[in-house]
There are 4 protein chains.
Amino acid sequence: MKELRGFASDNCSGIHPKIMEAITRVNTGHELPYGNDIHTCSATAKFHEHLGPNVDVYFVGGGTAANVLGLEAVTRPHNSIICAETAHINVDECGAPEKFTGCKLETIPSKNGKITPEQCLPFLNEIGNQHHVQPEVISITQATERGTVYSADEICNLTEFAHDHKLFVHMDGARLANAAAHLGTSLRSITTDAGIDLLSFGGTKNGMLFGEAVVFFDKELSEQFRFIRKQGMQLFSKMRFISAQFEAMLSDNLFMEIAEHANRMAKFLADMLESIPSIEITGKVQSNVVFTIIPPHCVQELLKNYNFYVWNRELSEVRLMTTFDTTEEDVELFADTLRKVIEQPGK
Amino acid sequence: MKELRGFASDNCSGIHPKIMEAITRVNTGHELPYGNDIHTCSATAKFHEHLGPNVDVYFVGGGTAANVLGLEAVTRPHNSIICAETAHINVDECGAPEKFTGCKLETIPSKNGKITPEQCLPFLNEIGNQHHVQPEVISITQATERGTVYSADEICNLTEFAHDHKLFVHMDGARLANAAAHLGTSLRSITTDAGIDLLSFGGTKNGMLFGEAVVFFDKELSEQFRFIRKQGMQLFSKMRFISAQFEAMLSDNLFMEIAEHANRMAKFLADMLESIPSIEITGKVQSNVVFTIIPPHCVQELLKNYNFYVWNRELSEVRLMTTFDTTEEDVELFADTLRKVIEQPGK
Amino acid sequence: MKELRGFASDNCSGIHPKIMEAITRVNTGHELPYGNDIHTCSATAKFHEHLGPNVDVYFVGGGTAANVLGLEAVTRPHNSIICAETAHINVDECGAPEKFTGCKLETIPSKNGKITPEQCLPFLNEIGNQHHVQPEVISITQATERGTVYSADEICNLTEFAHDHKLFVHMDGARLANAAAHLGTSLRSITTDAGIDLLSFGGTKNGMLFGEAVVFFDKELSEQFRFIRKQGMQLFSKMRFISAQFEAMLSDNLFMEIAEHANRMAKFLADMLESIPSIEITGKVQSNVVFTIIPPHCVQELLKNYNFYVWNRELSEVRLMTTFDTTEEDVELFADTLRKVIEQPGK
Amino acid sequence: MKELRGFASDNCSGIHPKIMEAITRVNTGHELPYGNDIHTCSATAKFHEHLGPNVDVYFVGGGTAANVLGLEAVTRPHNSIICAETAHINVDECGAPEKFTGCKLETIPSKNGKITPEQCLPFLNEIGNQHHVQPEVISITQATERGTVYSADEICNLTEFAHDHKLFVHMDGARLANAAAHLGTSLRSITTDAGIDLLSFGGTKNGMLFGEAVVFFDKELSEQFRFIRKQGMQLFSKMRFISAQFEAMLSDNLFMEIAEHANRMAKFLADMLESIPSIEITGKVQSNVVFTIIPPHCVQELLKNYNFYVWNRELSEVRLMTTFDTTEEDVELFADTLRKVIEQPGK
């Protein structure tokens, strides 16, 4: 028997009650489809409130789609996209970026999931060489796949470097709220104000049923995006049900409340685990994820009752994620279970 | 002011109450993402119940995606897809089939939205000619974009012809339930039993929030489909919320109940309109749509209060669709309004 | 036994002696590859001489490549390309335009291979509609696949219409020289001066071994083309051997001499055939091709000794092409053979 | 002034006299286009002679095309292609593999250009995981971009490993002849007999004007290739002129004679350079290329009179290639020049 609430991923949770309520609330009567409805209007206004009046916002179904379609808008097939080797677009999207944009991904080895301007520099050597793909975008993830968070300064450095070299900066913000919560700052300060050109703003991992937003910070970039979205099979007819979720998410700082809770649970989990002998936390806990090394036989034992991912089999490193509905009891129970498993004589 | 319930499209309606209830019901605790949950299991079992034990079913977000990804599974880019000129894949998907599959669409002019083996025949002349695309699939829509319905015999003729020529038959079944309701038959009799190879089974237009099913009738065809779905940006993490909707839809024949109601409302609407002088119904009313010619100045007048599509501006032909929540009062009110508009002296 | 010189196509001939000589002449020593050689420089200068100083010229291997890569340069995948149903890009390129550009081809039925602004107009109705592909280019063939030739005025009308609607005009000029020869005008008057944006200038069908030129009339359009050419697998390392051919072709009006000869032979062939009872010439003979209806049993008989294409099996219409090396004797012999075949008692 | 014969690349040379003669010889009369001619027949027979009777051979224009179209034939877009980081398909084809096949390239760092089964192994961990691209081909280059050569045993190890894991092995044989010459073995022993599934056999770098062969060792893999070639814009109409070159190349072991000469010149060049103080040869000289470290100021001085590529700017490592027409005098003159430059007082 698997438990109700494990630590496999933030997309194992369901829909946050306030978001569920928003879906229910807009389920009355007819609305024009494809985003020509009042709720899409209000949700867009909420984005303007948080990110500034000049952003152009488009809703799509999932995170892979948000990344890929956004990147399609700013590239041609002979371009390349520079990103960390660990980036979701590189390892978890089954080649969707290559297939849809035609671009090559040029990757940078990264232990903590972050990349720097210095690491991007060598890829610029081939600019103008017709035999090579031409870098056009740097894509970063915030918070990263390793749970780390770029500071506003780090982002500014990257965007300044990029713009100096006529590159765009894309941010995969599937967990942007968690990053903002960690930094104790606004969404705007690490996107609009930090020079980001293009953002995938995540909803699903933050308590929504489905739905992500592709946010353009310069309307010239999004001129053709409504066609790209439709051709990319991401124009949802009953759009109001995505929009209503975003409206709720961006009202009363719900996104921040959810992210802060999940982050807090991750910290609590890390603290609990660190108190267990022979357990090592790897990397900084800056968002809603904990990476930790657990002896292999204990991992096997734990997997009998819990779902989570073994991140690095050689190191016996596992990934534990918290969500909006993770409770202190969940964490304590998990830590207790692990403690018992560890104290058992291993095989 | 626009009315609550118009006749613009079946995707203007919201979520059917029983389906909304299903979404709410499964919103508890954690589930494995990406379809590894119990609800996806049950929904799949429902498909087996209705379409036979050998079908392989994959859920995606929308109708365009269901069509395009299904077609990708059975084609290579040098193939062509034969379809009616009026097909959704040809006119309403912003070139998604061409972009994603690389294939050319070879189209057949069609007044009523249907095509015949005889019309497909000329496209086979170039089989083996390396300068020409190679036909691989015939795609039909059931019910068609013109609201007409293929009989089981007509489908069998097409699939027999196709299989004789080593072609597959794809059915865009965004409104398959309405076709089955019209024919008074099971889903199975016009798909599995009629030799269809590949089906897009529609949920959204039949009362779901979102979600369509790609159904393969031969598992060899779907061997790689889970990768195609992910690369096609259509693997939803919180899959249980699509699955639960399909489970509800396929339980107690809810899909049939909904379709029968919408069809009945269309018939009623056609009857009401026909009783109005100078209004002409064009084509047969076989599903949940009425095509009708209304004098241009009346169309303009009606559009002030109602949303609907002008289908053929030259003919002043409009499309009126009914849905699960269309009421007799809605129809009567619309007919009354039209009657008044007609009796007004036009400009 | 097949004869040495038939009428199957202008690409059945070999290499014109003056062009062969050019290839031989540049086969000395080393040259920088990929177009950084002196012969590419000179060939480009020749293009400037003929088409004006502002054209940007790129050499590729074949006609399909010239069309497809040129169109890629001016489109995005959600665009459409408007062309005649008979266009080479539509029927003879195995779907390469769709595969490589992602665009849909929107086709216009055409008996003589030509299209008019009026026929293009309906495709503009959906501009701005996100469900539809967005027209971006009108592509015409000069001379057409039916052997007809657009006048300079006809081209101007099309380009004016196109530019009024923010569309580009692409010319597939695989047989542009034949068109210019027919009109008795310069290449420039029916391209640069007629408002063409993008040209495929054919070499192979005019006596070259291989090689076509993609010509841009506005350098903004070709800014990224060197990458598109390489990614399109059309950057030839020993470029000098294409360039030398073009240099020869554009020197001393060799292209015109060749085209005039081939056109003259086609006229002569048509005259000879018309003098034969029961043979009908279909369409105007304006370039190096004759379409003619020949009784089916005679076609079969002729095919025993000659290669040519049956264009329309139902009409028993065949296509007969002449080339730079077609002689009056070839034509007379063919006509004699046909005359004898006709006089034989058919089965 | 640049010299006539430098060391920039083997594609800086022209056409070998015997190949030029073959082109000239077939330039008579008409032939059916697109490979339906007698010379294509003979050339194919030559391939059967060298590689065995079961190979299926298709001619294309260039090396990038041979690689990309061959890989397209054996992959679907959700697959990945495993190769060395240094592979031509990875660094020198402007993203053509990604654009045309849709596949991701998964790369292995390699100093000498070669890869091993052990290095491929980790990529197989994600087989079956729908979030990840699915490895389908291992691509190796023979001789490698670093001039090294796989032994027959090394190739067998790779193909055995690949086939055990249901992967294909593709060989980029742009310089296969040079590898065979180095090993003193037949083409067959390091392709057909070594388990290769798919080969790009190079012509251009070995003295041809243009033209490469895509060779399939299992006809099931090439079933659709004639359509892939045409859609890939690589079906040349005057095919006989490619075929005649290959016929000449494969007659009287001309390919071997050319390769042996070029290899010998490379060895001679390496010997000459090694005798110069402060010059270091990097890596083994196994084909027609020498990598050598030359002091930066000498590189600048040499580039005034010679074309060659600086391979690694940091190391001041340059690449020097020899060709069929490199003479001992060329090598001696270059070595002398370098010696003088070195003896000059540097800046």
# chains A, B, ... in the order shown; residues from 1 in each chain; ligands from 1
call {"tool": "closest_atom_pairs", "arguments": {"of": "chain C", "to": "chain A", "cutoff": "9 Å", "atoms": "only C-alpha atoms", "output": "Markdown table"}}
result
| residue | atom | partner | partner_atom | distance |
| --- | --- | --- | --- | --- |
| C:Arg76 | CA | A:Arg76 | CA | 8.5 |
| C:Pro77 | CA | A:Ile228 | CA | 8.2 |
| C:His78 | CA | A:Phe227 | CA | 6.2 |
| C:Asn79 | CA | A:Phe227 | CA | 8.9 |
| C:Gly128 | CA | A:Phe227 | CA | 8.8 |
| C:Asn129 | CA | A:Phe227 | CA | 8.3 |
| C:Gln130 | CA | A:Phe227 | CA | 5.1 |
| C:His131 | CA | A:Lys230 | CA | 6.4 |
| C:His132 | CA | A:Phe227 | CA | 7.9 |
| C:Val133 | CA | A:Phe227 | CA | 7.7 |
| C:Gln134 | CA | A:Phe227 | CA | 8.3 |
| C:Gln224 | CA | A:His78 | CA | 8.7 |
| C:Arg226 | CA | A:Gln130 | CA | 6.0 |
| C:Phe227 | CA | A:Gln130 | CA | 5.1 |
| C:Ile228 | CA | A:His78 | CA | 6.6 |
| C:Arg229 | CA | A:Gln130 | CA | 8.6 |
| C:Lys230 | CA | A:His131 | CA | 6.4 |
| C:Gln231 | CA | A:His78 | CA | 6.5 |
call {"tool": "write_last_selection", "arguments": {"atoms": "all heavy atoms", "output": "short mmCIF file (atom, residue, chain, number, x, y, z; two decimals), in the first residue's frame"}}
result
data_model
loop_
_atom_site.label_atom_id
_atom_site.label_comp_id
_atom_site.auth_asym_id
_atom_site.auth_seq_id
_atom_site.Cartn_x
_atom_site.Cartn_y
_atom_site.Cartn_z
N ARG C 76 7.19 31.37 -41.56
CA ARG C 76 7.20 30.64 -40.29
C ARG C 76 6.22 29.48 -40.47
O ARG C 76 5.33 29.55 -41.33
CB ARG C 76 6.71 31.55 -39.14
CG ARG C 76 7.52 32.81 -38.89
CD ARG C 76 8.81 32.60 -38.13
NE ARG C 76 8.71 31.62 -37.09
CZ ARG C 76 9.30 31.71 -35.90
NH1 ARG C 76 10.03 32.79 -35.62
NH2 ARG C 76 9.21 30.74 -35.02
N PRO C 77 6.33 28.44 -39.65
CA PRO C 77 5.52 27.25 -39.92
C PRO C 77 3.99 27.48 -39.91
O PRO C 77 3.27 26.68 -40.50
CB PRO C 77 5.92 26.29 -38.79
CG PRO C 77 7.29 26.71 -38.40
CD PRO C 77 7.32 28.20 -38.59
N HIS C 78 3.52 28.53 -39.27
CA HIS C 78 2.08 28.74 -39.26
C HIS C 78 1.59 29.51 -40.49
O HIS C 78 0.41 29.82 -40.60
CB HIS C 78 1.65 29.46 -37.97
CG HIS C 78 2.29 30.80 -37.82
ND1 HIS C 78 3.49 30.99 -37.20
CD2 HIS C 78 1.92 32.01 -38.23
CE1 HIS C 78 3.83 32.25 -37.22
NE2 HIS C 78 2.89 32.90 -37.85
N ASN C 79 2.51 29.80 -41.39
CA ASN C 79 2.11 30.48 -42.62
C ASN C 79 1.62 29.48 -43.66
O ASN C 79 1.80 28.28 -43.52
CB ASN C 79 3.31 31.25 -43.19
CG ASN C 79 3.65 32.48 -42.37
OD1 ASN C 79 4.82 32.74 -42.09
ND2 ASN C 79 2.66 33.22 -41.95
N GLY C 128 -5.54 36.70 -39.58
CA GLY C 128 -5.83 37.10 -38.21
C GLY C 128 -6.61 36.06 -37.42
O GLY C 128 -6.68 36.15 -36.20
N ASN C 129 -7.17 35.07 -38.08
CA ASN C 129 -7.92 34.00 -37.41
C ASN C 129 -6.93 32.93 -36.94
O ASN C 129 -6.31 32.23 -37.74
CB ASN C 129 -8.93 33.41 -38.40
CG ASN C 129 -9.71 32.25 -37.80
OD1 ASN C 129 -9.32 31.67 -36.78
ND2 ASN C 129 -10.81 31.90 -38.43
N GLN C 130 -6.82 32.79 -35.62
CA GLN C 130 -5.78 31.93 -35.07
C GLN C 130 -5.95 30.44 -35.38
O GLN C 130 -5.03 29.67 -35.21
CB GLN C 130 -5.64 32.14 -33.56
CG GLN C 130 -6.85 31.67 -32.76
CD GLN C 130 -6.74 32.01 -31.28
OE1 GLN C 130 -5.67 32.14 -30.72
NE2 GLN C 130 -7.88 32.17 -30.63
N HIS C 131 -7.12 30.06 -35.86
CA HIS C 131 -7.33 28.65 -36.20
C HIS C 131 -6.82 28.30 -37.58
O HIS C 131 -6.76 27.13 -37.94
CB HIS C 131 -8.82 28.30 -36.13
CG HIS C 131 -9.40 28.50 -34.78
ND1 HIS C 131 -9.35 27.53 -33.82
CD2 HIS C 131 -9.98 29.57 -34.19
CE1 HIS C 131 -9.90 27.98 -32.71
NE2 HIS C 131 -10.29 29.21 -32.90
N HIS C 132 -6.49 29.31 -38.34
CA HIS C 132 -6.12 29.09 -39.74
C HIS C 132 -4.67 29.44 -39.98
O HIS C 132 -4.14 30.38 -39.39
CB HIS C 132 -7.00 29.94 -40.66
CG HIS C 132 -8.40 29.45 -40.74
ND1 HIS C 132 -8.87 28.73 -41.80
CD2 HIS C 132 -9.42 29.55 -39.87
CE1 HIS C 132 -10.14 28.42 -41.57
NE2 HIS C 132 -10.50 28.90 -40.41
N VAL C 133 -4.07 28.73 -40.92
CA VAL C 133 -2.76 29.14 -41.40
C VAL C 133 -2.87 30.54 -41.99
O VAL C 133 -3.91 30.95 -42.47
CB VAL C 133 -2.23 28.15 -42.47
CG1 VAL C 133 -1.83 26.84 -41.81
CG2 VAL C 133 -3.25 27.91 -43.57
N GLN C 134 -1.75 31.26 -41.94
CA GLN C 134 -1.72 32.66 -42.36
C GLN C 134 -0.91 32.80 -43.65
O GLN C 134 0.31 32.61 -43.64
CB GLN C 134 -1.08 33.51 -41.26
CG GLN C 134 -1.81 33.44 -39.92
CD GLN C 134 -3.19 34.08 -40.00
OE1 GLN C 134 -3.30 35.27 -40.30
NE2 GLN C 134 -4.23 33.29 -39.78
N GLN C 224 19.58 35.48 -42.87
CA GLN C 224 19.92 34.22 -42.20
C GLN C 224 20.09 33.08 -43.20
O GLN C 224 20.20 31.92 -42.80
CB GLN C 224 18.81 33.84 -41.21
CG GLN C 224 18.45 34.90 -40.21
CD GLN C 224 19.53 35.06 -39.16
OE1 GLN C 224 19.96 34.07 -38.59
NE2 GLN C 224 20.00 36.27 -38.92
N ARG C 226 22.36 31.90 -45.17
CA ARG C 226 23.49 30.98 -45.24
C ARG C 226 23.36 29.85 -44.22
O ARG C 226 23.80 28.73 -44.45
CB ARG C 226 24.83 31.71 -45.11
CG ARG C 226 25.12 32.38 -43.80
CD ARG C 226 26.28 33.36 -44.03
NE ARG C 226 26.87 33.83 -42.80
CZ ARG C 226 26.34 34.77 -42.03
NH1 ARG C 226 25.19 35.33 -42.35
NH2 ARG C 226 26.93 35.16 -40.92
N PHE C 227 22.70 30.13 -43.11
CA PHE C 227 22.46 29.06 -42.13
C PHE C 227 21.34 28.12 -42.61
O PHE C 227 21.41 26.92 -42.42
CB PHE C 227 22.10 29.66 -40.77
CG PHE C 227 23.12 30.65 -40.29
CD1 PHE C 227 22.82 32.00 -40.19
CD2 PHE C 227 24.40 30.23 -39.97
CE1 PHE C 227 23.78 32.92 -39.77
CE2 PHE C 227 25.37 31.13 -39.54
CZ PHE C 227 25.05 32.48 -39.44
N ILE C 228 20.34 28.71 -43.21
CA ILE C 228 19.23 27.90 -43.74
C ILE C 228 19.75 26.96 -44.82
O ILE C 228 19.37 25.79 -44.87
CB ILE C 228 18.11 28.82 -44.29
CG1 ILE C 228 17.44 29.58 -43.14
CG2 ILE C 228 17.09 28.03 -45.10
CD1 ILE C 228 16.43 30.63 -43.57
N ARG C 229 20.63 27.46 -45.68
CA ARG C 229 21.20 26.62 -46.74
C ARG C 229 22.00 25.46 -46.15
O ARG C 229 21.86 24.31 -46.58
CB ARG C 229 22.07 27.45 -47.66
CG ARG C 229 22.72 26.59 -48.75
CD ARG C 229 23.46 27.42 -49.78
NE ARG C 229 24.53 28.21 -49.18
CZ ARG C 229 25.37 28.97 -49.88
NH1 ARG C 229 25.23 29.06 -51.19
NH2 ARG C 229 26.31 29.65 -49.28
N LYS C 230 22.82 25.77 -45.16
CA LYS C 230 23.63 24.68 -44.58
C LYS C 230 22.72 23.69 -43.85
O LYS C 230 22.85 22.48 -44.03
CB LYS C 230 24.68 25.26 -43.62
CG LYS C 230 25.49 24.19 -42.88
CD LYS C 230 26.32 23.31 -43.81
CE LYS C 230 26.78 22.04 -43.14
NZ LYS C 230 27.49 21.14 -44.03
N GLN C 231 21.80 24.22 -43.03
CA GLN C 231 20.90 23.31 -42.32
C GLN C 231 20.01 22.54 -43.30
O GLN C 231 19.58 21.43 -43.01
CB GLN C 231 20.04 24.08 -41.30
CG GLN C 231 19.36 23.17 -40.31
CD GLN C 231 18.57 23.89 -39.25
OE1 GLN C 231 17.89 24.87 -39.53
NE2 GLN C 231 18.64 23.43 -38.02
#
call {"tool": "residues_around", "arguments": {"residues": "region 190-198 of chain D", "least_positions_apart": "4", "cutoff": "8 Å", "atoms": "only C-alpha atoms", "output": "NGL selection string"}}
result
:D and (51-52 or 70 or 151-153 or 155-156 or 159-160 or 168-171 or 180 or 185-186 or 214-218)
call {"tool": "write_last_selection", "arguments": {"atoms": "all heavy atoms", "output": "short mmCIF file (atom, residue, chain, number, x, y, z; two decimals), in the first residue's frame"}}
result
data_model
loop_
_atom_site.label_atom_id
_atom_site.label_comp_id
_atom_site.auth_asym_id
_atom_site.auth_seq_id
_atom_site.Cartn_x
_atom_site.Cartn_y
_atom_site.Cartn_z
N LEU D 51 31.00 -4.10 -51.43
CA LEU D 51 30.36 -4.20 -50.11
C LEU D 51 29.43 -5.41 -49.98
O LEU D 51 28.85 -5.63 -48.92
CB LEU D 51 29.58 -2.92 -49.79
CG LEU D 51 30.44 -1.64 -49.75
CD1 LEU D 51 29.55 -0.42 -49.54
CD2 LEU D 51 31.49 -1.71 -48.65
N GLY D 52 29.30 -6.16 -51.04
CA GLY D 52 28.43 -7.33 -50.96
C GLY D 52 27.15 -7.11 -51.73
O GLY D 52 26.70 -5.97 -51.92
N GLY D 70 20.14 9.41 -44.14
CA GLY D 70 20.30 8.05 -43.66
C GLY D 70 19.74 7.89 -42.25
O GLY D 70 18.98 6.96 -41.97
N SER D 151 39.65 0.30 -35.55
CA SER D 151 40.01 -1.00 -36.10
C SER D 151 38.73 -1.79 -36.34
O SER D 151 37.67 -1.46 -35.80
CB SER D 151 40.89 -1.77 -35.10
OG SER D 151 40.09 -2.17 -33.99
N ALA D 152 38.85 -2.85 -37.17
CA ALA D 152 37.69 -3.70 -37.43
C ALA D 152 37.14 -4.25 -36.12
O ALA D 152 35.92 -4.32 -35.91
CB ALA D 152 38.06 -4.83 -38.38
N ASP D 153 38.03 -4.61 -35.21
CA ASP D 153 37.59 -5.14 -33.92
C ASP D 153 36.81 -4.12 -33.11
O ASP D 153 35.80 -4.43 -32.48
CB ASP D 153 38.80 -5.61 -33.10
CG ASP D 153 39.23 -7.01 -33.50
OD1 ASP D 153 38.55 -7.62 -34.36
OD2 ASP D 153 40.23 -7.49 -32.95
N ILE D 155 35.10 -1.68 -34.24
CA ILE D 155 33.78 -1.51 -34.86
C ILE D 155 32.88 -2.68 -34.49
O ILE D 155 31.72 -2.49 -34.11
CB ILE D 155 33.91 -1.37 -36.39
CG1 ILE D 155 34.72 -0.11 -36.72
CG2 ILE D 155 32.54 -1.29 -37.05
CD1 ILE D 155 35.11 0.00 -38.19
N CYS D 156 33.42 -3.89 -34.58
CA CYS D 156 32.62 -5.07 -34.23
C CYS D 156 32.12 -5.00 -32.79
O CYS D 156 30.97 -5.34 -32.50
CB CYS D 156 33.43 -6.34 -34.42
SG CYS D 156 33.65 -6.75 -36.16
N THR D 159 29.20 -2.57 -32.81
CA THR D 159 27.97 -3.05 -33.46
C THR D 159 27.35 -4.19 -32.64
O THR D 159 26.14 -4.28 -32.55
CB THR D 159 28.23 -3.51 -34.91
OG1 THR D 159 29.22 -4.54 -34.91
CG2 THR D 159 28.72 -2.35 -35.78
N GLU D 160 28.21 -5.01 -32.04
CA GLU D 160 27.67 -6.10 -31.21
C GLU D 160 26.91 -5.51 -30.02
O GLU D 160 25.77 -5.90 -29.72
CB GLU D 160 28.82 -6.99 -30.74
CG GLU D 160 28.36 -8.35 -30.26
CD GLU D 160 29.55 -9.20 -29.79
OE1 GLU D 160 30.67 -9.01 -30.33
OE2 GLU D 160 29.36 -10.01 -28.88
N PHE D 168 20.85 0.68 -33.92
CA PHE D 168 21.57 0.60 -35.19
C PHE D 168 22.92 1.29 -35.05
O PHE D 168 23.11 2.13 -34.16
CB PHE D 168 20.78 1.31 -36.30
CG PHE D 168 19.45 0.69 -36.57
CD1 PHE D 168 18.27 1.37 -36.27
CD2 PHE D 168 19.36 -0.58 -37.15
CE1 PHE D 168 17.03 0.80 -36.53
CE2 PHE D 168 18.13 -1.15 -37.41
CZ PHE D 168 16.96 -0.47 -37.10
N VAL D 169 23.84 0.94 -35.96
CA VAL D 169 25.09 1.68 -36.02
C VAL D 169 25.23 2.33 -37.40
O VAL D 169 25.14 1.67 -38.43
CB VAL D 169 26.32 0.78 -35.74
CG1 VAL D 169 27.61 1.61 -35.85
CG2 VAL D 169 26.21 0.17 -34.35
N HIS D 170 25.38 3.65 -37.34
CA HIS D 170 25.59 4.46 -38.54
C HIS D 170 27.06 4.83 -38.60
O HIS D 170 27.67 5.17 -37.58
CB HIS D 170 24.75 5.73 -38.46
CG HIS D 170 25.14 6.78 -39.46
ND1 HIS D 170 25.82 7.92 -39.12
CD2 HIS D 170 24.93 6.85 -40.79
CE1 HIS D 170 26.03 8.65 -40.21
NE2 HIS D 170 25.50 8.05 -41.23
N MET D 171 27.64 4.75 -39.81
CA MET D 171 29.01 5.17 -39.98
C MET D 171 29.07 6.36 -40.94
O MET D 171 28.60 6.26 -42.08
CB MET D 171 29.85 4.03 -40.54
CG MET D 171 31.32 4.39 -40.74
SD MET D 171 32.25 3.01 -41.45
CE MET D 171 32.67 2.10 -39.96
N ALA D 180 40.33 2.74 -44.56
CA ALA D 180 40.66 1.44 -45.13
C ALA D 180 42.13 1.40 -45.56
O ALA D 180 42.84 0.41 -45.34
CB ALA D 180 39.75 1.14 -46.32
N THR D 185 43.08 -2.67 -45.41
CA THR D 185 42.01 -3.66 -45.50
C THR D 185 40.99 -3.21 -46.54
O THR D 185 41.09 -2.12 -47.10
CB THR D 185 41.35 -3.83 -44.12
OG1 THR D 185 40.44 -4.91 -44.18
CG2 THR D 185 40.60 -2.58 -43.71
N SER D 186 40.00 -4.06 -46.79
CA SER D 186 38.97 -3.72 -47.76
C SER D 186 37.89 -2.84 -47.11
O SER D 186 37.77 -2.81 -45.89
CB SER D 186 38.30 -5.00 -48.26
OG SER D 186 37.60 -5.60 -47.18
N VAL D 214 24.51 6.87 -49.76
CA VAL D 214 23.92 6.32 -48.54
C VAL D 214 23.76 4.83 -48.78
O VAL D 214 23.06 4.42 -49.71
CB VAL D 214 22.56 6.97 -48.24
CG1 VAL D 214 22.00 6.44 -46.93
CG2 VAL D 214 22.68 8.49 -48.20
N VAL D 215 24.43 4.05 -47.97
CA VAL D 215 24.44 2.60 -48.16
C VAL D 215 23.72 1.92 -47.00
O VAL D 215 24.07 2.14 -45.83
CB VAL D 215 25.88 2.06 -48.24
CG1 VAL D 215 25.88 0.56 -48.52
CG2 VAL D 215 26.69 2.81 -49.29
N PHE D 216 22.71 1.12 -47.33
CA PHE D 216 21.99 0.36 -46.32
C PHE D 216 22.42 -1.10 -46.42
O PHE D 216 22.47 -1.66 -47.52
CB PHE D 216 20.48 0.44 -46.55
CG PHE D 216 19.92 1.82 -46.34
CD1 PHE D 216 19.81 2.70 -47.40
CD2 PHE D 216 19.49 2.23 -45.09
CE1 PHE D 216 19.29 3.98 -47.21
CE2 PHE D 216 18.98 3.50 -44.89
CZ PHE D 216 18.88 4.38 -45.96
N PHE D 217 22.68 -1.71 -45.28
CA PHE D 217 23.14 -3.10 -45.29
C PHE D 217 21.99 -4.07 -45.04
O PHE D 217 22.20 -5.28 -44.99
CB PHE D 217 24.27 -3.28 -44.27
CG PHE D 217 25.49 -2.49 -44.65
CD1 PHE D 217 25.63 -1.16 -44.29
CD2 PHE D 217 26.47 -3.06 -45.44
CE1 PHE D 217 26.75 -0.42 -44.67
CE2 PHE D 217 27.58 -2.34 -45.84
CZ PHE D 217 27.72 -1.01 -45.45
N ASP D 218 20.80 -3.51 -44.91
CA ASP D 218 19.60 -4.33 -44.73
C ASP D 218 18.49 -3.62 -45.48
O ASP D 218 18.13 -2.49 -45.16
CB ASP D 218 19.27 -4.44 -43.24
CG ASP D 218 17.95 -5.16 -42.99
OD1 ASP D 218 17.20 -5.42 -43.94
OD2 ASP D 218 17.68 -5.46 -41.81
#
call {"tool": "residues_around", "arguments": {"residues": "Ile19 (chain A)", "least_positions_apart": "3", "cutoff": "12 Å", "atoms": "only C-alpha atoms", "output": "ChimeraX atom specification"}}
result
/A:14-16,22-26,203-204,206-211,241-251,254-255,258,324 /B:24,27
call {"tool": "closest_residue", "arguments": {"among": "B:Ser13, B:Asn305, B:Gln142, B:Gln119", "to": "His88 (chain B)", "atoms": "only C-alpha atoms"}}
result
B:Gln142
call {"tool": "atom_distance", "arguments": {"atom1": "CA of Ile342 (chain D)", "atom2": "CA of Ser9 (chain D)"}}
result
23.4 Å
call {"tool": "residues_around", "arguments": {"residues": "Glu257 (chain B)", "least_positions_apart": "5", "cutoff": "9 Å", "atoms": "only C-alpha atoms", "output": "PyMOL selection string"}}
result
chain B and resi 181+252+262+324
call {"tool": "write_last_selection", "arguments": {"atoms": "C-alpha atoms", "output": "mmCIF file, in the first residue's frame"}}
result
data_model
loop_
_atom_site.group_PDB
_atom_site.id
_atom_site.type_symbol
_atom_site.label_atom_id
_atom_site.label_comp_id
_atom_site.auth_asym_id
_atom_site.auth_seq_id
_atom_site.Cartn_x
_atom_site.Cartn_y
_atom_site.Cartn_z
ATOM 1 C CA ALA B 181 -26.943 8.923 -30.971
ATOM 2 C CA ASP B 252 -24.328 4.874 -17.395
ATOM 3 C CA ALA B 262 -28.033 18.023 -28.015
ATOM 4 C CA PHE B 324 -25.848 19.452 -23.354
#
